[in-house]
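Input: a single structure, listed below in structure tokens.
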Amino acid sequence: MKEYTSEQIRNVAVLSHDGAGKTAVVESVLFTCGAIDAVGVGKDNKHVMDYEPEEIKRNVTIQLGIAPCQWEDHKINFLDTPGYSEFCGEVRSALRAADSILLVVSAETGIEIDTERAWDYGVALQLPRMVYVNKMDGEQADFFGCLEKMRSVFGKSIMPLQIPLGEGKDFRGIIDVCKLIAWEWTNGECKEIKVPPEYMAKARQVREMCMEAAAEGDDALLEKYLEGEELTLEELRLGLRQGMLTGRVCPVMCGSARYHIGTQELLRRIITYMPAGSQKVISGQDEQQKDVVLVYANKPFSGFVFKTTIDPFAGKLSYVRVFSGTLKEGDKIYNVTQGKEEKLNKILLLTGKETQSVTQAVAGDIIVLPKLADTRTGDTLATTDFIVRYDPIRFPKPLHQVALGVEKKGEEEKLVNALVRISEEDPTCQVEKSIEGKQILLRCMGDVHFDHIMTKIERKYGLKAVVEEMYIPYRETIKGKATAEGKHKKQSGGHGQYGHVVLEMEPIQGDGEFEFVDAIFGGAVPKQYIPAVEKGVQETLQKGMLAGFPLIHIKVTLKDGSYHTVDSSEMAFKMAAAVALKKGIPEADPVLLEPIYTVEVVIPEEFMGDIMGDFSGRRGRILGMEPHRNRKGIIVVKAQVPLAEMIGYVTVLRSMTQGKGTFNLAFYAYEEVPKKITEEIIAARAQAKE
């Protein structure tokens, strides 16, 4: 691939709802540019971009892919992203490297939930957006229906630069409303024709809309337009580009990726309207911790690692967006985030899984660096001459939690290591070892994401993980007060054992978990044995009395006791404390406590009744609801729900809200478990011990 300047580079993240044909659009572009010889179709699953076994099996994009191509003396780096919401971490990674968004919409299904989510990403990150209405050859294709829906949902910024020649089986080309010419495809060949008379009125109407939108982008153009003069083609393009860069205009194109209709025109519009790689605004801090807003190409090298892949055989690949300077093969690079120097072996370009070596990369380009030992996703790479640190990517919090074990005993550590590697590739996958529950906890984005991780564990690391019942960290406490005597006495010849204590147990008033009070008077228990009594109390409380869960919110007072000058020891007093607790706790009205979490659910207003009813069925308390501060028609429902009732809630919420709901969890407090459920838990724990 030839070398390009930063001004000649475009970085485009391709987003859509699952099934809109996003990967097909990317592969159509690669085919049109001559980067690949053939494209896959859904029936054979032989996509260049979707090459992972799971992607082939499901016929969906699961991981971010890079597709660089050359067109009319420009380089365009397409970032092909998953359409399914559970893989949104890959989308977040792509958006950090991209300068603009190409939103693919199906002409048959129109706007869907993940189309809206993709649009919201662009608005939040202030990235210019362009829409490509794909599948114009589909039986149910409806371009103007899609257009009307987009304008109602996304606003008047939606601006068609093209309209179709026919729809469905009659679709044969596109009309360029700015030039007022048409392109017709016959047997794969494209030719320019005059706009058919029956389409001219519509084309002129849309052109007038474009003219008005372009005029609003520049004061001089607006004055000319208001005076009744027609804008030239160049003025039209200038105004539309300025409008797109500010987010006031979102150009809309149409075509068929399957038959490559409209692909060339799409490439030309990307080059004309989308920002160059040298224009990226990125926030971070310099060496003095001062904010850096814009990094220019004439600064020394700096780049950001927006994705990592790890293969047990090929090793680690770090995907880097170059923000400033030029990186050359053999250069020394410094990982600012980790504070370590990295050895640069090669500079690679990636198309799907195919690599190509290059000798250098300029600001604005996207490259892959192999075998950087200490580099992780979110790290900033630079030179020691230009220390800058870019802000990390804000990945969504994974809320779907699953407990894992292994099929073969002794492979627990291997499983943890495999999950740690997968989490390095995918920050929306998190792993934790629960010491109390003796479980490996995996957090991810949902059932589909979880299935993908499980398959990856088996395929890449040769391990078979199994799902276990989730351990809930219940606690025990007492509601009453009791006093009990504990004596540990043992005589078996020689040195004996003697410890004797009287303990008082009562609930703590307030938030304290444990309090020990020494109320001994007159040396009934010598001072040197008091710490042993406290230790015996703490160790016994950790083992619980009802169901084996730790006792909390309890105050224990050492009231009295006795000792033997020869036979007393620290161990004897520890044992005596345990005896006293085991006698006293059952008399102090012990109860089981469960963790209660505060839940905030963000949903469209029409689902409010379903959500509130569902919380009631989960033993939840509704705290209230309020309108979302930024989004019209969206409400936030707040509730407090037992953690045991929230297992698998991600999947339930998606089902209830057609994928439109999100939620957050935060620990609130421990509260008493209802009597019937307490009995069930105690019985289950006893059975598990047996």
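Just remember, in the structure tokens the first chain shown is A, the second B, etc., residues are 1-based per chain, and ligands are 1-based in the order shown.
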Considering only C-alpha atoms, give me a table of residues in region 351-404 of chain A that are at most 10 Å from region 411-427 of chain A, with the closest atom pair and distance in Å for each, as a tab-separated table.
```
residue	atom	partner	partner_atom	distance
A:Arg376	CA	A:Glu424	CA	7.0
A:Thr377	CA	A:Glu424	CA	7.2
A:Gly378	CA	A:Pro427	CA	9.8
A:Ile393	CA	A:Pro427	CA	9.7
A:Arg394	CA	A:Pro427	CA	9.8
A:Phe395	CA	A:Pro427	CA	7.0
A:Pro396	CA	A:Pro427	CA	8.9
A:Lys397	CA	A:Pro427	CA	9.2
A:Pro398	CA	A:Pro427	CA	9.0
A:Leu404	CA	A:Leu415	CA	9.0
```
- Message: Taking 2 positions as the minimum chain separation for residues in the same chain, which residues sit within 6 Å of region 97-112 of chain A when counting only C-alpha atoms? Answer as a PyMOL selection string.
- Response: chain A and resi 11-16+20+22+94-95+114-115+127-136+140-143+146+321
- Query: Which residues, written as a count of residues only, have at least one atom at most 7 Å from Leu643 (chain A), with only C-alpha atoms counted and residues fewer than 2 positions away on the same chain left out?
  - Reply: 6
DSSP on the backbone: which residues in region 293-475 of chain A end up as alpha helix (DSSP H)? Give the answer as a PDB file with N, CA, C and O atoms, in the first residue's frame.
```
ATOM      1  N   GLU A 412      -8.593 -25.150  37.800  1.00  0.00           N
ATOM      2  CA  GLU A 412      -9.157 -23.849  38.171  1.00  0.00           C
ATOM      3  C   GLU A 412      -8.222 -22.694  37.797  1.00  0.00           C
ATOM      4  O   GLU A 412      -8.669 -21.676  37.260  1.00  0.00           O
ATOM      5  N   GLU A 413      -6.940 -22.869  38.091  1.00  0.00           N
ATOM      6  CA  GLU A 413      -5.986 -21.786  37.810  1.00  0.00           C
ATOM      7  C   GLU A 413      -5.853 -21.551  36.309  1.00  0.00           C
ATOM      8  O   GLU A 413      -5.709 -20.413  35.851  1.00  0.00           O
ATOM      9  N   LYS A 414      -5.895 -22.643  35.528  1.00  0.00           N
ATOM     10  CA  LYS A 414      -5.845 -22.515  34.065  1.00  0.00           C
ATOM     11  C   LYS A 414      -7.046 -21.721  33.552  1.00  0.00           C
ATOM     12  O   LYS A 414      -6.926 -20.903  32.642  1.00  0.00           O
ATOM     13  N   LEU A 415      -8.214 -21.991  34.159  1.00  0.00           N
ATOM     14  CA  LEU A 415      -9.423 -21.279  33.745  1.00  0.00           C
ATOM     15  C   LEU A 415      -9.312 -19.793  34.052  1.00  0.00           C
ATOM     16  O   LEU A 415      -9.656 -18.949  33.207  1.00  0.00           O
ATOM     17  N   VAL A 416      -8.818 -19.463  35.233  1.00  0.00           N
ATOM     18  CA  VAL A 416      -8.650 -18.051  35.602  1.00  0.00           C
ATOM     19  C   VAL A 416      -7.693 -17.370  34.634  1.00  0.00           C
ATOM     20  O   VAL A 416      -7.957 -16.256  34.149  1.00  0.00           O
ATOM     21  N   ASN A 417      -6.574 -18.024  34.324  1.00  0.00           N
ATOM     22  CA  ASN A 417      -5.593 -17.445  33.393  1.00  0.00           C
ATOM     23  C   ASN A 417      -6.189 -17.227  32.008  1.00  0.00           C
ATOM     24  O   ASN A 417      -5.931 -16.204  31.359  1.00  0.00           O
ATOM     25  N   ALA A 418      -7.006 -18.179  31.555  1.00  0.00           N
ATOM     26  CA  ALA A 418      -7.659 -18.039  30.241  1.00  0.00           C
ATOM     27  C   ALA A 418      -8.617 -16.858  30.248  1.00  0.00           C
ATOM     28  O   ALA A 418      -8.655 -16.058  29.300  1.00  0.00           O
ATOM     29  N   LEU A 419      -9.384 -16.717  31.330  1.00  0.00           N
ATOM     30  CA  LEU A 419     -10.342 -15.606  31.427  1.00  0.00           C
ATOM     31  C   LEU A 419      -9.635 -14.259  31.524  1.00  0.00           C
ATOM     32  O   LEU A 419     -10.111 -13.254  30.984  1.00  0.00           O
ATOM     33  N   VAL A 420      -8.502 -14.233  32.213  1.00  0.00           N
ATOM     34  CA  VAL A 420      -7.721 -12.994  32.304  1.00  0.00           C
ATOM     35  C   VAL A 420      -7.247 -12.570  30.917  1.00  0.00           C
ATOM     36  O   VAL A 420      -7.298 -11.388  30.555  1.00  0.00           O
ATOM     37  N   ARG A 421      -6.822 -13.534  30.117  1.00  0.00           N
ATOM     38  CA  ARG A 421      -6.388 -13.219  28.745  1.00  0.00           C
ATOM     39  C   ARG A 421      -7.552 -12.728  27.899  1.00  0.00           C
ATOM     40  O   ARG A 421      -7.420 -11.779  27.115  1.00  0.00           O
ATOM     41  N   ILE A 422      -8.696 -13.379  28.044  1.00  0.00           N
ATOM     42  CA  ILE A 422      -9.874 -12.954  27.280  1.00  0.00           C
ATOM     43  C   ILE A 422     -10.299 -11.549  27.707  1.00  0.00           C
ATOM     44  O   ILE A 422     -10.680 -10.724  26.874  1.00  0.00           O
ATOM     45  N   SER A 423     -10.208 -11.259  29.019  1.00  0.00           N
ATOM     46  CA  SER A 423     -10.586  -9.927  29.495  1.00  0.00           C
ATOM     47  C   SER A 423      -9.610  -8.858  29.022  1.00  0.00           C
ATOM     48  O   SER A 423      -9.967  -7.686  28.916  1.00  0.00           O
ATOM     49  N   GLU A 424      -8.373  -9.255  28.735  1.00  0.00           N
ATOM     50  CA  GLU A 424      -7.416  -8.301  28.175  1.00  0.00           C
ATOM     51  C   GLU A 424      -7.815  -7.932  26.745  1.00  0.00           C
ATOM     52  O   GLU A 424      -7.647  -6.799  26.309  1.00  0.00           O
ATOM     53  N   GLU A 425      -8.375  -8.886  26.021  1.00  0.00           N
ATOM     54  CA  GLU A 425      -8.883  -8.613  24.677  1.00  0.00           C
ATOM     55  C   GLU A 425     -10.210  -7.859  24.721  1.00  0.00           C
ATOM     56  O   GLU A 425     -10.501  -7.044  23.852  1.00  0.00           O
ATOM     57  N   ASP A 447     -26.281 -13.106  27.820  1.00  0.00           N
ATOM     58  CA  ASP A 447     -26.219 -14.537  27.476  1.00  0.00           C
ATOM     59  C   ASP A 447     -25.392 -14.814  26.221  1.00  0.00           C
ATOM     60  O   ASP A 447     -24.609 -15.770  26.181  1.00  0.00           O
ATOM     61  N   VAL A 448     -25.595 -14.011  25.177  1.00  0.00           N
ATOM     62  CA  VAL A 448     -24.882 -14.246  23.909  1.00  0.00           C
ATOM     63  C   VAL A 448     -23.387 -14.004  24.099  1.00  0.00           C
ATOM     64  O   VAL A 448     -22.556 -14.781  23.621  1.00  0.00           O
ATOM     65  N   HIS A 449     -23.059 -12.934  24.792  1.00  0.00           N
ATOM     66  CA  HIS A 449     -21.656 -12.627  25.098  1.00  0.00           C
ATOM     67  C   HIS A 449     -21.033 -13.761  25.919  1.00  0.00           C
ATOM     68  O   HIS A 449     -19.901 -14.197  25.661  1.00  0.00           O
ATOM     69  N   PHE A 450     -21.793 -14.257  26.900  1.00  0.00           N
ATOM     70  CA  PHE A 450     -21.313 -15.358  27.738  1.00  0.00           C
ATOM     71  C   PHE A 450     -21.061 -16.626  26.911  1.00  0.00           C
ATOM     72  O   PHE A 450     -20.025 -17.282  27.067  1.00  0.00           O
ATOM     73  N   ASP A 451     -22.001 -16.965  26.023  1.00  0.00           N
ATOM     74  CA  ASP A 451     -21.824 -18.151  25.170  1.00  0.00           C
ATOM     75  C   ASP A 451     -20.562 -18.023  24.321  1.00  0.00           C
ATOM     76  O   ASP A 451     -19.815 -18.999  24.138  1.00  0.00           O
ATOM     77  N   HIS A 452     -20.319 -16.821  23.811  1.00  0.00           N
ATOM     78  CA  HIS A 452     -19.115 -16.579  23.000  1.00  0.00           C
ATOM     79  C   HIS A 452     -17.847 -16.790  23.830  1.00  0.00           C
ATOM     80  O   HIS A 452     -16.886 -17.416  23.367  1.00  0.00           O
ATOM     81  N   ILE A 453     -17.850 -16.297  25.074  1.00  0.00           N
ATOM     82  CA  ILE A 453     -16.680 -16.454  25.956  1.00  0.00           C
ATOM     83  C   ILE A 453     -16.437 -17.926  26.266  1.00  0.00           C
ATOM     84  O   ILE A 453     -15.299 -18.408  26.234  1.00  0.00           O
ATOM     85  N   MET A 454     -17.502 -18.660  26.557  1.00  0.00           N
ATOM     86  CA  MET A 454     -17.370 -20.094  26.866  1.00  0.00           C
ATOM     87  C   MET A 454     -16.791 -20.861  25.672  1.00  0.00           C
ATOM     88  O   MET A 454     -15.927 -21.739  25.829  1.00  0.00           O
ATOM     89  N   THR A 455     -17.279 -20.539  24.485  1.00  0.00           N
ATOM     90  CA  THR A 455     -16.763 -21.194  23.270  1.00  0.00           C
ATOM     91  C   THR A 455     -15.286 -20.872  23.070  1.00  0.00           C
ATOM     92  O   THR A 455     -14.487 -21.730  22.691  1.00  0.00           O
ATOM     93  N   LYS A 456     -14.929 -19.616  23.333  1.00  0.00           N
ATOM     94  CA  LYS A 456     -13.547 -19.166  23.167  1.00  0.00           C
ATOM     95  C   LYS A 456     -12.620 -19.891  24.146  1.00  0.00           C
ATOM     96  O   LYS A 456     -11.495 -20.267  23.796  1.00  0.00           O
ATOM     97  N   ILE A 457     -13.087 -20.083  25.384  1.00  0.00           N
ATOM     98  CA  ILE A 457     -12.290 -20.800  26.393  1.00  0.00           C
ATOM     99  C   ILE A 457     -11.952 -22.203  25.894  1.00  0.00           C
ATOM    100  O   ILE A 457     -10.814 -22.671  26.009  1.00  0.00           O
ATOM    101  N   GLU A 458     -12.957 -22.856  25.335  1.00  0.00           N
ATOM    102  CA  GLU A 458     -12.758 -24.234  24.882  1.00  0.00           C
ATOM    103  C   GLU A 458     -11.895 -24.290  23.626  1.00  0.00           C
ATOM    104  O   GLU A 458     -10.983 -25.110  23.516  1.00  0.00           O
ATOM    105  N   ARG A 459     -12.182 -23.385  22.684  1.00  0.00           N
ATOM    106  CA  ARG A 459     -11.482 -23.441  21.392  1.00  0.00           C
ATOM    107  C   ARG A 459     -10.027 -22.986  21.498  1.00  0.00           C
ATOM    108  O   ARG A 459      -9.123 -23.610  20.947  1.00  0.00           O
ATOM    109  N   LYS A 460      -9.795 -21.881  22.220  1.00  0.00           N
ATOM    110  CA  LYS A 460      -8.452 -21.313  22.270  1.00  0.00           C
ATOM    111  C   LYS A 460      -7.565 -21.924  23.356  1.00  0.00           C
ATOM    112  O   LYS A 460      -6.348 -22.002  23.200  1.00  0.00           O
ATOM    113  N   TYR A 461      -8.205 -22.344  24.460  1.00  0.00           N
ATOM    114  CA  TYR A 461      -7.398 -22.761  25.612  1.00  0.00           C
ATOM    115  C   TYR A 461      -7.635 -24.209  26.028  1.00  0.00           C
ATOM    116  O   TYR A 461      -7.042 -24.677  27.005  1.00  0.00           O
TER     117      TYR A 461
END
```
- Task: Can you pull out every residue within 9 Å of Ala373 (chain A), counting only C-alpha atoms, but drop anything in the same chain fewer than 4 positions away, and send it as a VMD selection string?
- Result: chain A and resid 316 342 to 343
- Task: DSSP on the backbone, then: every residue of region 587-637 of chain A marked strand (DSSP E), written as a list in words.
- Result: Pro590, Val591, Leu592, Leu593, Glu594, Pro595, Ile596, Tyr597, Thr598, Val599, Glu600, Val601, Val602, Ile603, Pro604, Arg621, Ile622, Leu623, Gly624, Met625, Glu626, Pro627, Ile634, Ile635, Val636 and Val637 of chain A
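Closest to Cys69 (chain A) among A:Glu189, A:Glu27, A:Glu469, A:Glu208 is A:Glu27, based on only C-alpha atoms.
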- Message: At a cut-off of 12 Å, using only C-alpha atoms, what residues contact Gly166 (chain A)? Leave out same-chain residues fewer than 4 positions from it and give the result as a list in words.
- Response: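 Residues meeting the cut-off are Met136, Asp137, Gly138, Glu139, Ala141, Asp142, Phe143, Phe144, Asp170, Phe171, Arg172, Gly173, Ile174, Ile175, Ala182, Trp183, Glu184, Trp185, Pro196, Glu198, Tyr199, Cys254 and Gly255 of chain A.
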- Within 9 Å of region 216-224 of chain A, counting only C-alpha atoms, which residues qualify if same-chain residues fewer than 6 places away don't, as a list in words? Glu230, Leu231, Glu235, Leu236, Leu238, Gly239, Leu240, Arg241, Gln242, Gly243, Met244, Thr246, Arg248 and Val249 of chain A
Give me a file of those residues, with C-alpha atoms, as a compact mmCIF listing (two decimals), in the first residue's frame.
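Dumped everything to part_24.txt:
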```txt
# COMPACT_ATOMS: atom_id res chain seq x y z
CA GLU A 230 -28.63 29.10 -6.77
CA LEU A 231 -25.52 27.67 -5.12
CA GLU A 235 -20.65 25.74 -2.77
CA LEU A 236 -23.22 23.03 -2.13
CA LEU A 238 -18.68 23.14 0.99
CA GLY A 239 -21.83 24.00 2.95
CA LEU A 240 -22.85 20.38 3.40
CA ARG A 241 -19.36 19.41 4.59
CA GLN A 242 -19.27 22.22 7.12
CA GLY A 243 -22.75 21.24 8.26
CA MET A 244 -21.67 17.60 8.64
CA THR A 246 -20.70 20.46 13.11
CA ARG A 248 -26.12 19.86 11.73
CA VAL A 249 -26.17 17.75 8.56
```
- With a distance cut-off of 9 Å and only C-alpha atoms, select the neighbouring residues of Pro526 (chain A), excluding the residue or stretch itself and same-chain residues fewer than 5 positions from it, and output the selection as a ChimeraX atom specification. /A:520,562-563
Could I get the residues of region 83-188 of chain A with an atom no further than 10 Å from an atom of region 53-64 of chain A, each paired with its nearest atom pair and that distance in Å to one decimal, using only C-alpha atoms, sorted by chain and residue number, as a Markdown table?
```
| residue | atom | partner | partner_atom | distance |
| --- | --- | --- | --- | --- |
| A:Gly83 | CA | A:Thr61 | CA | 7.0 |
| A:Tyr84 | CA | A:Ile62 | CA | 7.9 |
| A:Glu86 | CA | A:Ile62 | CA | 9.2 |
| A:Phe87 | CA | A:Ile62 | CA | 6.5 |
| A:Cys88 | CA | A:Ile62 | CA | 9.5 |
| A:Gly89 | CA | A:Gln63 | CA | 9.1 |
| A:Glu90 | CA | A:Leu64 | CA | 5.5 |
| A:Val91 | CA | A:Leu64 | CA | 7.2 |
| A:Arg92 | CA | A:Leu64 | CA | 9.8 |
| A:Ser93 | CA | A:Leu64 | CA | 8.0 |
| A:Ala94 | CA | A:Leu64 | CA | 7.0 |
```
Limited to N, CA, C and O atoms, could you put the picked residues into a file as a CSV table (one decimal), in the first residue's frame?
```
chain,number,residue,atom,x,y,z
A,83,GLY,N,-23.0,-5.5,15.4
A,83,GLY,CA,-24.3,-4.9,15.5
A,83,GLY,C,-25.1,-5.2,16.7
A,83,GLY,O,-26.0,-4.5,17.2
A,84,TYR,N,-24.8,-6.4,17.3
A,84,TYR,CA,-25.5,-6.9,18.5
A,84,TYR,C,-25.0,-6.1,19.8
A,84,TYR,O,-23.8,-6.0,20.0
A,86,GLU,N,-24.7,-6.7,22.9
A,86,GLU,CA,-23.9,-7.3,23.9
A,86,GLU,C,-22.4,-7.2,23.6
A,86,GLU,O,-21.6,-7.4,24.5
A,87,PHE,N,-22.1,-6.8,22.3
A,87,PHE,CA,-20.7,-6.6,21.9
A,87,PHE,C,-20.4,-5.1,21.8
A,87,PHE,O,-19.5,-4.8,21.0
A,88,CYS,N,-21.1,-4.3,22.5
A,88,CYS,CA,-20.9,-2.9,22.4
A,88,CYS,C,-19.5,-2.4,22.8
A,88,CYS,O,-19.1,-1.3,22.5
A,89,GLY,N,-18.8,-3.2,23.6
A,89,GLY,CA,-17.4,-2.8,23.9
A,89,GLY,C,-16.5,-2.7,22.7
A,89,GLY,O,-15.7,-1.8,22.7
A,90,GLU,N,-16.8,-3.5,21.7
A,90,GLU,CA,-16.0,-3.4,20.4
A,90,GLU,C,-16.3,-2.1,19.7
A,90,GLU,O,-15.5,-1.5,19.1
A,91,VAL,N,-17.6,-1.7,19.8
A,91,VAL,CA,-18.0,-0.4,19.2
A,91,VAL,C,-17.3,0.7,19.9
A,91,VAL,O,-16.8,1.6,19.2
A,92,ARG,N,-17.3,0.7,21.2
A,92,ARG,CA,-16.6,1.8,22.0
A,92,ARG,C,-15.1,1.9,21.5
A,92,ARG,O,-14.6,3.0,21.4
A,93,SER,N,-14.5,0.7,21.4
A,93,SER,CA,-13.1,0.7,20.9
A,93,SER,C,-12.9,1.4,19.6
A,93,SER,O,-12.0,2.2,19.3
A,94,ALA,N,-13.8,1.0,18.6
A,94,ALA,CA,-13.7,1.5,17.3
A,94,ALA,C,-13.9,3.0,17.2
A,94,ALA,O,-13.3,3.7,16.5
```
- Message: Restricting the calculation to only C-alpha atoms: of A:Val195, A:Arg96, A:Val252, A:Thr540, which residue gets closest to Met159 (chain A)?
- Response: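 Selected residue with least distance to Met159 (chain A): A:Val252.
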- Å distance separating CA of Ala35 (chain A) from CA of Ser318 (chain A), one decimal place: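 So the answer is 22.6 Å.
Note that CA of Arg631 (chain A) and CA of Pro604 (chain A) are 9.5 Å apart.
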